[in-house]
Amino acid sequence: MPPPKPGVIPLAPLKLGDIFGGAFSTLGRYWKQLFGVGAAVYGGAVVIMAVTALIGYSAVSGHLHRVVSLSADEDPVPSDVVPMVIAFGVVWLVAMITFAVATAMMYATVPTVLQEAVLGRPTTFSLVWRRAWSRVPAVFGTVVLTCLIAVIPMVLMVVGFFALIIGAITLSQGDGIVLWTVLGFLGALATAPLAIWLWVKFSLAPSAVVFEGQSPVAALRRSSQLVRGDWWRILGISLLAFALAGAASYMIQVPFSFLGMFSGVIGGATLDEDPNPAAIIFAMSGYLVIMALGQLIGQFISATFPQLVTGLLYVDRRMRTENLGPALAEAAAVPPQYGAQYGAQYGS
């Protein structure tokens, strides 16, 4: 007999169609909760960024105006450049922290919604928010630890790139620069497969944090345990999920880009021959708002769909290795006779 399906997936080892069908079904059934949290966290992040940028601009507007008004033969003085660099660095740091927390919130929200979606139970925005927010610190730590793994090849590639640029500019010590460039790119090529292997190995950690209440380090160990023996399948399904999310995000942002360009052309036509920075920002405000909205929706898709697939992969691995299906059937209140037959057929 077929396994029970109280929610978005059958409670048995999942096929590719079951995983992607479950992800799309979750988006369809729980879109209000998912989009509500996504709009709140990413919209809040955009507001914080805008306020920070305005504060930074107001703090260095005089320096910026003097630098912009310089002629081609004049060089900016350090007393103008240093405050601008500091302000830019602060704005960039706030942006990185804000969007990292927002992404961690979405990484916690998706498994929280999946816990109900798999069992076919309704939930509310407030309940999802409270449960997801309580796990944000652990999810944030897990995401940071996982991302640090991929930094090694990126750093090596950046080192090689800058070594190449410096060599091209200085035209000195060419042999040494070429050597360091080659070593940087070879190091990146050598460590990239290791980084990919570790990324897949720890990809189920955010789900383990939410489903099992694990700490970041324990979640990494748990993910490694669940991925063992199924690495290539998880890699392929994860890449497919990211590809679909990337394509959907791009398709969504295309119309926003055209609208933004149209708004930018209209705003640019209102500028004087020698506009000040404030006038430029005001004239381009429509373009910035439209592009930010497109980026917001695209980021929501990119942060939600792959995590839905990853969360279902986590459930699938536990059903395959730990016989989780009968326990889920019991939690979903599957009729006893049906549950007994299912347990005998799919149990270990």
# chains A, B, ... in the order shown; residues from 1 in each chain; ligands from 1
>>> residues_around(residues="Arg222 (chain A)", least_positions_apart="4", cutoff="7 Å", atoms="only C-alpha atoms", output="ChimeraX atom specification")
/A:205,208,218,226
>>> write_last_selection(atoms="all heavy atoms", output="PDB file, in the first residue's frame")
ATOM      1  N   ALA A 205      22.888  21.107   8.217  1.00  0.00           N
ATOM      2  CA  ALA A 205      23.047  21.598   9.590  1.00  0.00           C
ATOM      3  C   ALA A 205      21.952  22.584  10.010  1.00  0.00           C
ATOM      4  O   ALA A 205      21.432  22.469  11.128  1.00  0.00           O
ATOM      5  CB  ALA A 205      24.436  22.221   9.761  1.00  0.00           C
ATOM      6  N   ALA A 208      18.992  20.676  11.053  1.00  0.00           N
ATOM      7  CA  ALA A 208      19.210  19.984  12.321  1.00  0.00           C
ATOM      8  C   ALA A 208      19.086  20.940  13.499  1.00  0.00           C
ATOM      9  O   ALA A 208      18.603  20.557  14.573  1.00  0.00           O
ATOM     10  CB  ALA A 208      20.586  19.319  12.321  1.00  0.00           C
ATOM     11  N   ALA A 218      27.238  20.877  17.083  1.00  0.00           N
ATOM     12  CA  ALA A 218      26.526  19.595  17.065  1.00  0.00           C
ATOM     13  C   ALA A 218      25.734  19.427  15.775  1.00  0.00           C
ATOM     14  O   ALA A 218      25.623  18.312  15.250  1.00  0.00           O
ATOM     15  CB  ALA A 218      25.602  19.504  18.278  1.00  0.00           C
ATOM     16  N   LEU A 226      24.249  12.455   8.634  1.00  0.00           N
ATOM     17  CA  LEU A 226      23.112  12.180   7.750  1.00  0.00           C
ATOM     18  C   LEU A 226      23.520  12.139   6.280  1.00  0.00           C
ATOM     19  O   LEU A 226      22.939  11.392   5.486  1.00  0.00           O
ATOM     20  CB  LEU A 226      22.026  13.241   7.953  1.00  0.00           C
ATOM     21  CG  LEU A 226      21.308  13.210   9.303  1.00  0.00           C
ATOM     22  CD1 LEU A 226      20.386  14.411   9.449  1.00  0.00           C
ATOM     23  CD2 LEU A 226      20.511  11.922   9.457  1.00  0.00           C
TER      24      LEU A 226
END
>>> closest_residue(among="A:Tyr57, A:Phe211, A:Trp92, A:Phe35", to="Ala132 (chain A)", atoms="only C-alpha atoms")
A:Phe211
>>> residues_around(residues="Pro83 (chain A)", least_positions_apart="5", cutoff="12 Å", atoms="only C-alpha atoms", output="ChimeraX atom specification")
/A:56-64,67,77-78,88-90
>>> write_last_selection(atoms="C-alpha atoms", output="short mmCIF file (atom, residue, chain, number, x, y, z; two decimals), in the first residue's frame")
data_model
loop_
_atom_site.label_atom_id
_atom_site.label_comp_id
_atom_site.auth_asym_id
_atom_site.auth_seq_id
_atom_site.Cartn_x
_atom_site.Cartn_y
_atom_site.Cartn_z
CA GLY A 56 26.51 58.16 6.64
CA TYR A 57 25.77 60.59 3.83
CA SER A 58 24.73 63.34 6.22
CA ALA A 59 27.95 62.81 8.20
CA VAL A 60 30.24 63.17 5.17
CA SER A 61 28.13 65.21 2.75
CA GLY A 62 30.48 68.19 3.01
CA HIS A 63 33.53 66.04 2.28
CA LEU A 64 31.73 64.32 -0.59
CA VAL A 67 35.63 65.81 -3.62
CA VAL A 77 42.99 65.84 0.48
CA PRO A 78 43.18 63.10 3.13
CA PHE A 88 31.57 53.65 3.63
CA GLY A 89 33.16 50.95 5.79
CA VAL A 90 30.58 51.41 8.56
#
>>> residues_around(residues="Ser207 (chain A)", least_positions_apart="5", cutoff="7 Å", atoms="only C-alpha atoms", output="compact mmCIF listing (two decimals) with all heavy atoms, in the first residue's frame")
# COMPACT_ATOMS: atom_id res chain seq x y z
N PRO A 111 12.74 25.57 7.88
CA PRO A 111 12.51 24.31 8.59
C PRO A 111 11.34 24.38 9.59
O PRO A 111 10.65 23.38 9.80
CB PRO A 111 13.84 24.06 9.32
CG PRO A 111 14.84 24.86 8.58
CD PRO A 111 14.10 26.07 8.10
N GLY A 311 15.74 21.17 3.47
CA GLY A 311 14.98 20.67 4.61
C GLY A 311 14.31 19.33 4.31
O GLY A 311 14.27 18.43 5.15
N TYR A 314 16.83 16.65 4.41
CA TYR A 314 17.08 16.27 5.81
C TYR A 314 16.03 15.25 6.28
O TYR A 314 16.38 14.22 6.87
CB TYR A 314 17.04 17.52 6.68
CG TYR A 314 16.92 17.24 8.16
CD1 TYR A 314 18.05 17.00 8.93
CD2 TYR A 314 15.67 17.23 8.78
CE1 TYR A 314 17.93 16.73 10.29
CE2 TYR A 314 15.54 16.97 10.13
CZ TYR A 314 16.68 16.72 10.88
OH TYR A 314 16.56 16.45 12.22
>>> atom_distance(atom1="CA of Pro2 (chain A)", atom2="CA of Val315 (chain A)")
18.1 Å
>>> closest_residue(among="A:Ala138, A:Val91, A:Ile196, A:Val51", to="Leu239 (chain A)", atoms="only C-alpha atoms")
A:Ile196
>>> atom_distance(atom1="CA of Ala102 (chain A)", atom2="CA of Arg29 (chain A)")
22.5 Å
>>> residues_around(residues="Trp232 (chain A)", least_positions_apart="3", cutoff="12 Å", atoms="only C-alpha atoms", output="VMD selection string")
chain A and resid 196 to 197 200 to 201 227 to 229 235 to 239
>>> atom_distance(atom1="CA of Ala40 (chain A)", atom2="CA of Ile86 (chain A)")
29.2 Å
>>> residues_around(residues="region 213-217 of chain A", least_positions_apart="6", cutoff="9 Å", atoms="only C-alpha atoms", output="PyMOL selection string")
chain A and resi 135+137-143+145+205-206
>>> write_last_selection(atoms="N, CA and C atoms", output="mmCIF file, in the first residue's frame")
data_model
loop_
_atom_site.group_PDB
_atom_site.id
_atom_site.type_symbol
_atom_site.label_atom_id
_atom_site.label_comp_id
_atom_site.auth_asym_id
_atom_site.auth_seq_id
_atom_site.Cartn_x
_atom_site.Cartn_y
_atom_site.Cartn_z
ATOM 1 N N ARG A 135 15.654 30.409 17.243
ATOM 2 C CA ARG A 135 16.746 29.581 16.741
ATOM 3 C C ARG A 135 17.728 30.363 15.871
ATOM 4 N N PRO A 137 20.127 32.660 16.600
ATOM 5 C CA PRO A 137 21.550 32.649 16.995
ATOM 6 C C PRO A 137 22.261 31.361 16.618
ATOM 7 N N ALA A 138 21.622 30.205 16.860
ATOM 8 C CA ALA A 138 22.257 28.928 16.520
ATOM 9 C C ALA A 138 22.383 28.764 15.011
ATOM 10 N N VAL A 139 21.345 29.148 14.265
ATOM 11 C CA VAL A 139 21.411 29.051 12.804
ATOM 12 C C VAL A 139 22.473 29.999 12.264
ATOM 13 N N PHE A 140 22.553 31.205 12.812
ATOM 14 C CA PHE A 140 23.567 32.169 12.390
ATOM 15 C C PHE A 140 24.964 31.594 12.592
ATOM 16 N N GLY A 141 25.201 31.003 13.765
ATOM 17 C CA GLY A 141 26.505 30.384 14.014
ATOM 18 C C GLY A 141 26.791 29.246 13.053
ATOM 19 N N THR A 142 25.771 28.454 12.738
ATOM 20 C CA THR A 142 25.951 27.344 11.803
ATOM 21 C C THR A 142 26.285 27.843 10.404
ATOM 22 N N VAL A 143 25.555 28.873 9.946
ATOM 23 C CA VAL A 143 25.793 29.422 8.611
ATOM 24 C C VAL A 143 27.185 30.039 8.525
ATOM 25 N N LEU A 145 29.880 29.248 10.317
ATOM 26 C CA LEU A 145 30.881 28.181 10.300
ATOM 27 C C LEU A 145 30.936 27.509 8.925
ATOM 28 N N ALA A 205 22.888 21.107 8.217
ATOM 29 C CA ALA A 205 23.047 21.598 9.590
ATOM 30 C C ALA A 205 21.952 22.584 10.010
ATOM 31 N N PRO A 206 21.567 23.583 9.179
ATOM 32 C CA PRO A 206 20.489 24.480 9.623
ATOM 33 C C PRO A 206 19.193 23.750 9.935
#
